[in-house]
Structure formats: C-alpha cells, structure tokens
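This is target_15.cif (mmCIF, C-alpha atoms).
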```cif
data_run
loop_
_atom_site.group_PDB
_atom_site.id
_atom_site.type_symbol
_atom_site.label_atom_id
_atom_site.label_comp_id
_atom_site.auth_asym_id
_atom_site.auth_seq_id
_atom_site.Cartn_x
_atom_site.Cartn_y
_atom_site.Cartn_z
ATOM 1 C CA MET A 5 -44.758 -98.621 66.798
ATOM 2 C CA VAL A 6 -42.014 -100.730 65.197
ATOM 3 C CA MET A 7 -40.361 -99.208 62.135
ATOM 4 C CA LEU A 8 -39.662 -101.711 59.380
ATOM 5 C CA ALA A 9 -37.437 -99.496 57.244
ATOM 6 C CA PHE A 10 -34.113 -100.479 55.744
ATOM 7 C CA PRO A 11 -32.086 -97.240 55.711
ATOM 8 C CA ARG A 12 -28.499 -96.895 54.600
ATOM 9 C CA GLU A 13 -27.068 -97.094 58.141
ATOM 10 C CA LEU A 14 -28.322 -100.700 58.469
ATOM 11 C CA ARG A 15 -25.995 -101.822 55.657
ATOM 12 C CA LEU A 16 -22.343 -102.790 55.692
ATOM 13 C CA LEU A 17 -20.942 -100.544 52.987
ATOM 14 C CA THR A 18 -17.157 -100.438 53.157
ATOM 15 C CA PRO A 19 -14.503 -103.146 53.036
ATOM 16 C CA ARG A 20 -13.504 -102.111 56.572
ATOM 17 C CA HIS A 21 -17.009 -102.984 57.835
ATOM 18 C CA PHE A 22 -16.833 -106.415 56.180
ATOM 19 C CA ASP A 23 -13.286 -107.031 57.464
ATOM 20 C CA TYR A 24 -14.463 -106.309 61.023
ATOM 21 C CA VAL A 25 -16.940 -109.196 60.769
ATOM 22 C CA PHE A 26 -14.460 -111.537 59.052
ATOM 23 C CA GLN A 27 -11.861 -111.113 61.835
ATOM 24 C CA GLN A 28 -13.740 -112.911 64.655
ATOM 25 C CA PRO A 29 -17.103 -114.132 63.383
ATOM 26 C CA GLN A 30 -19.750 -116.274 64.970
ATOM 27 C CA ARG A 31 -20.912 -118.690 62.295
ATOM 28 C CA ALA A 32 -24.283 -120.164 61.497
ATOM 29 C CA SER A 33 -24.290 -122.352 58.383
ATOM 30 C CA SER A 34 -26.443 -124.454 56.137
ATOM 31 C CA PRO A 35 -25.197 -126.220 52.994
ATOM 32 C CA GLU A 36 -26.107 -123.204 50.815
ATOM 33 C CA ILE A 37 -25.963 -120.163 53.140
ATOM 34 C CA THR A 38 -23.576 -119.019 55.866
ATOM 35 C CA ILE A 39 -24.248 -116.058 58.133
ATOM 36 C CA LEU A 40 -21.249 -114.561 59.905
ATOM 37 C CA GLY A 41 -21.972 -112.226 62.801
ATOM 38 C CA ARG A 42 -19.994 -110.110 65.222
ATOM 39 C CA LEU A 43 -21.284 -107.966 68.072
ATOM 40 C CA ASN A 44 -20.994 -104.238 67.485
ATOM 41 C CA GLU A 45 -21.133 -101.212 69.788
ATOM 42 C CA LEU A 46 -23.607 -99.276 67.634
ATOM 43 C CA GLY A 47 -26.809 -100.374 69.353
ATOM 44 C CA TYR A 48 -28.375 -101.569 66.095
ATOM 45 C CA ARG A 49 -27.799 -104.380 63.648
ATOM 46 C CA ARG A 50 -26.320 -104.142 60.139
ATOM 47 C CA ILE A 51 -26.168 -106.519 57.192
ATOM 48 C CA GLY A 52 -23.885 -107.106 54.223
ATOM 49 C CA LEU A 53 -24.432 -109.549 51.365
ATOM 50 C CA THR A 54 -21.837 -111.354 49.279
ATOM 51 C CA ILE A 55 -23.141 -113.347 46.352
ATOM 52 C CA ALA A 56 -20.358 -114.318 43.967
ATOM 53 C CA LYS A 57 -20.999 -114.666 40.278
ATOM 54 C CA LYS A 58 -19.009 -117.905 40.524
ATOM 55 C CA ASN A 59 -21.718 -119.412 42.767
ATOM 56 C CA VAL A 60 -24.849 -117.893 41.186
ATOM 57 C CA LYS A 61 -24.305 -117.368 37.455
ATOM 58 C CA ARG A 62 -27.358 -115.378 36.399
ATOM 59 C CA ALA A 63 -27.868 -111.789 37.507
ATOM 60 C CA HIS A 64 -31.609 -112.181 37.970
ATOM 61 C CA GLU A 65 -31.004 -115.103 40.344
ATOM 62 C CA ARG A 66 -28.458 -113.094 42.354
ATOM 63 C CA ASN A 67 -30.910 -110.198 42.529
ATOM 64 C CA ARG A 68 -33.754 -112.494 43.660
ATOM 65 C CA ILE A 69 -31.598 -113.955 46.427
ATOM 66 C CA LYS A 70 -30.418 -110.518 47.600
ATOM 67 C CA ARG A 71 -33.973 -109.193 47.580
ATOM 68 C CA LEU A 72 -35.189 -112.124 49.704
ATOM 69 C CA MET A 73 -32.356 -111.714 52.196
ATOM 70 C CA ARG A 74 -32.806 -107.957 52.554
ATOM 71 C CA GLU A 75 -36.561 -108.343 52.980
ATOM 72 C CA TYR A 76 -36.182 -111.049 55.629
ATOM 73 C CA PHE A 77 -33.709 -108.851 57.504
ATOM 74 C CA ARG A 78 -35.991 -105.809 57.226
ATOM 75 C CA LEU A 79 -38.986 -107.659 58.652
ATOM 76 C CA HIS A 80 -37.098 -109.416 61.474
ATOM 77 C CA GLN A 81 -34.409 -106.861 62.376
ATOM 78 C CA HIS A 82 -35.951 -106.046 65.759
ATOM 79 C CA GLU A 83 -35.636 -109.675 66.875
ATOM 80 C CA LEU A 84 -31.892 -109.769 66.152
ATOM 81 C CA PRO A 85 -29.056 -108.784 68.498
ATOM 82 C CA SER A 86 -26.944 -105.678 67.819
ATOM 83 C CA MET A 87 -24.477 -107.341 65.487
ATOM 84 C CA ASP A 88 -22.919 -106.849 62.101
ATOM 85 C CA PHE A 89 -23.908 -109.711 59.788
ATOM 86 C CA VAL A 90 -22.388 -110.888 56.518
ATOM 87 C CA ILE A 91 -24.331 -113.411 54.462
ATOM 88 C CA LEU A 92 -22.317 -115.683 52.170
ATOM 89 C CA VAL A 93 -23.890 -118.041 49.652
ATOM 90 C CA ARG A 94 -22.558 -121.199 48.037
ATOM 91 C CA LYS A 95 -23.410 -123.102 44.909
ATOM 92 C CA GLY A 96 -26.870 -124.599 44.971
ATOM 93 C CA VAL A 97 -28.632 -121.616 46.544
ATOM 94 C CA ALA A 98 -30.114 -120.685 43.156
ATOM 95 C CA ASP A 99 -31.829 -124.090 43.061
ATOM 96 C CA LEU A 100 -33.814 -123.255 46.216
ATOM 97 C CA ASP A 101 -37.200 -121.621 45.870
ATOM 98 C CA ASN A 102 -38.152 -118.472 47.787
ATOM 99 C CA GLN A 103 -39.799 -120.342 50.654
ATOM 100 C CA GLU A 104 -36.787 -122.622 51.176
ATOM 101 C CA ILE A 105 -34.429 -119.637 51.275
ATOM 102 C CA THR A 106 -36.682 -117.857 53.773
ATOM 103 C CA GLU A 107 -36.918 -120.932 56.011
ATOM 104 C CA THR A 108 -33.145 -121.421 55.918
ATOM 105 C CA LEU A 109 -32.565 -117.775 56.830
ATOM 106 C CA GLY A 110 -35.008 -118.108 59.735
ATOM 107 C CA LYS A 111 -33.117 -121.080 61.159
ATOM 108 C CA LEU A 112 -29.747 -119.365 60.797
ATOM 109 C CA TRP A 113 -30.954 -116.086 62.384
ATOM 110 C CA ARG A 114 -32.427 -118.012 65.338
ATOM 111 C CA ARG A 115 -29.084 -119.750 65.802
ATOM 112 C CA HIS A 116 -27.339 -116.345 65.884
ATOM 113 C CA CYS A 117 -29.808 -115.084 68.475
ATOM 114 C CA ARG A 118 -29.006 -118.095 70.691
ATOM 115 C CA LEU A 119 -25.244 -117.607 70.196
ATOM 116 C CA ALA A 120 -25.498 -113.917 71.104
ATOM 117 C CA ARG A 121 -27.446 -114.684 74.303
ATOM 118 C CA GLY A 122 -24.976 -117.397 75.273
ATOM 119 C CA SER A 123 -21.890 -115.200 75.026
#
```
Any chance you could put this one into structure tokens?
Amino acid sequence: MVMLAFPRELRLLTPRHFDYVFQQPQRASSPEITILGRLNELGYRRIGLTIAKKNVKRAHERNRIKRLMREYFRLHQHELPSMDFVILVRKGVADLDNQEITETLGKLWRRHCRLARGS
C-alpha cells in the first residue's frame, strides 16, 4: 500500500539543503512557477517552498499557494525521482486559481521526471 504522508524528512528545512539545490539545479519553468531539482543520495524526494512577500502580498494567498503545492507533492511523491526540489514563485501566481496552479505543477513535475530519466 502506498503511503501518502508528508513527514518532516520530506521537507528541505535548512539553508544548507536549499543551497545544495541552488548550486547545480535542473530547471522546469512556467511564467509564474519555477521548480529547481537536484538528484540526491537519500533514496527519497524532498521539497522546499519559497514564496516571497514581494511576489505575493497577502498572507492568505501565500498560504493557499503553499498548501496547494504541498498537497500536490504529497499525492504525487511516488511518481517523482529521488531529488531535492525547490519551488520558486513569481508575480502573477496569486492571480491563478487552484486548478491552474495544479495543472502548472503537473506539467513542471512531468518535465522533471523526463529530465531525471534522461540524465
């Protein structure tokens, strides 16, 4: 049976974890969202979110976006390669509705899966 939990070890928590991804990332981008990924040796995937107040002014919008991204990751984590991912957002992401954000994330994750298989 597939576990769909989102425990603490599936999160990037320290600046060192984020810096590891920023050093040599594979990129998948849309106009509003960029997902950076880097293969890890852990055998499981991890995620970190960066949503700047400069890009999404209201806290409830930032929280909505983070909730959608974490939930998408939780439900699809077993389809993803063993990588560390950092999701960056740009201005305009708050204008997207939940379905548009989910569809964009799906396209970007699929692109990362193809990049991981190709390397």
Just want the 8 Å neighbourhood of Gly96 (chain A), counted on only C-alpha atoms, with same-chain residues fewer than 5 positions away dropped. Output as an MDAnalysis selection string.
chainID A and resid 36 59:60
Residues returned when the PyMOL selection byres ((chain A and resi 84-91) around 6) runs on this file, as an NGL selection string
:A and (38-44 or 47-53 or 81-83 or 92)
Report the residues retrieved by the PyMOL selection byres ((chain A and resi 105) around 12) from the displayed file, expressed as a PyMOL selection string.
chain A and resi 34-38+68-76+93+96-104+106-112
Nearest residue to His80 (chain A) from the set A:Lys95, A:Arg114, A:Arg31, A:His64 (distances using all atoms listed in the file):
A:Arg114
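Closest approach to Arg78 (chain A) from the set A:Arg94, A:Arg15, A:His21, A:Arg121 is made by A:Arg15, with distances taken over all atoms listed in the file.
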To one decimal place, how far is CA of Arg118 (chain A) from CA of Arg20 (chain A) in Å?
26.4 Å
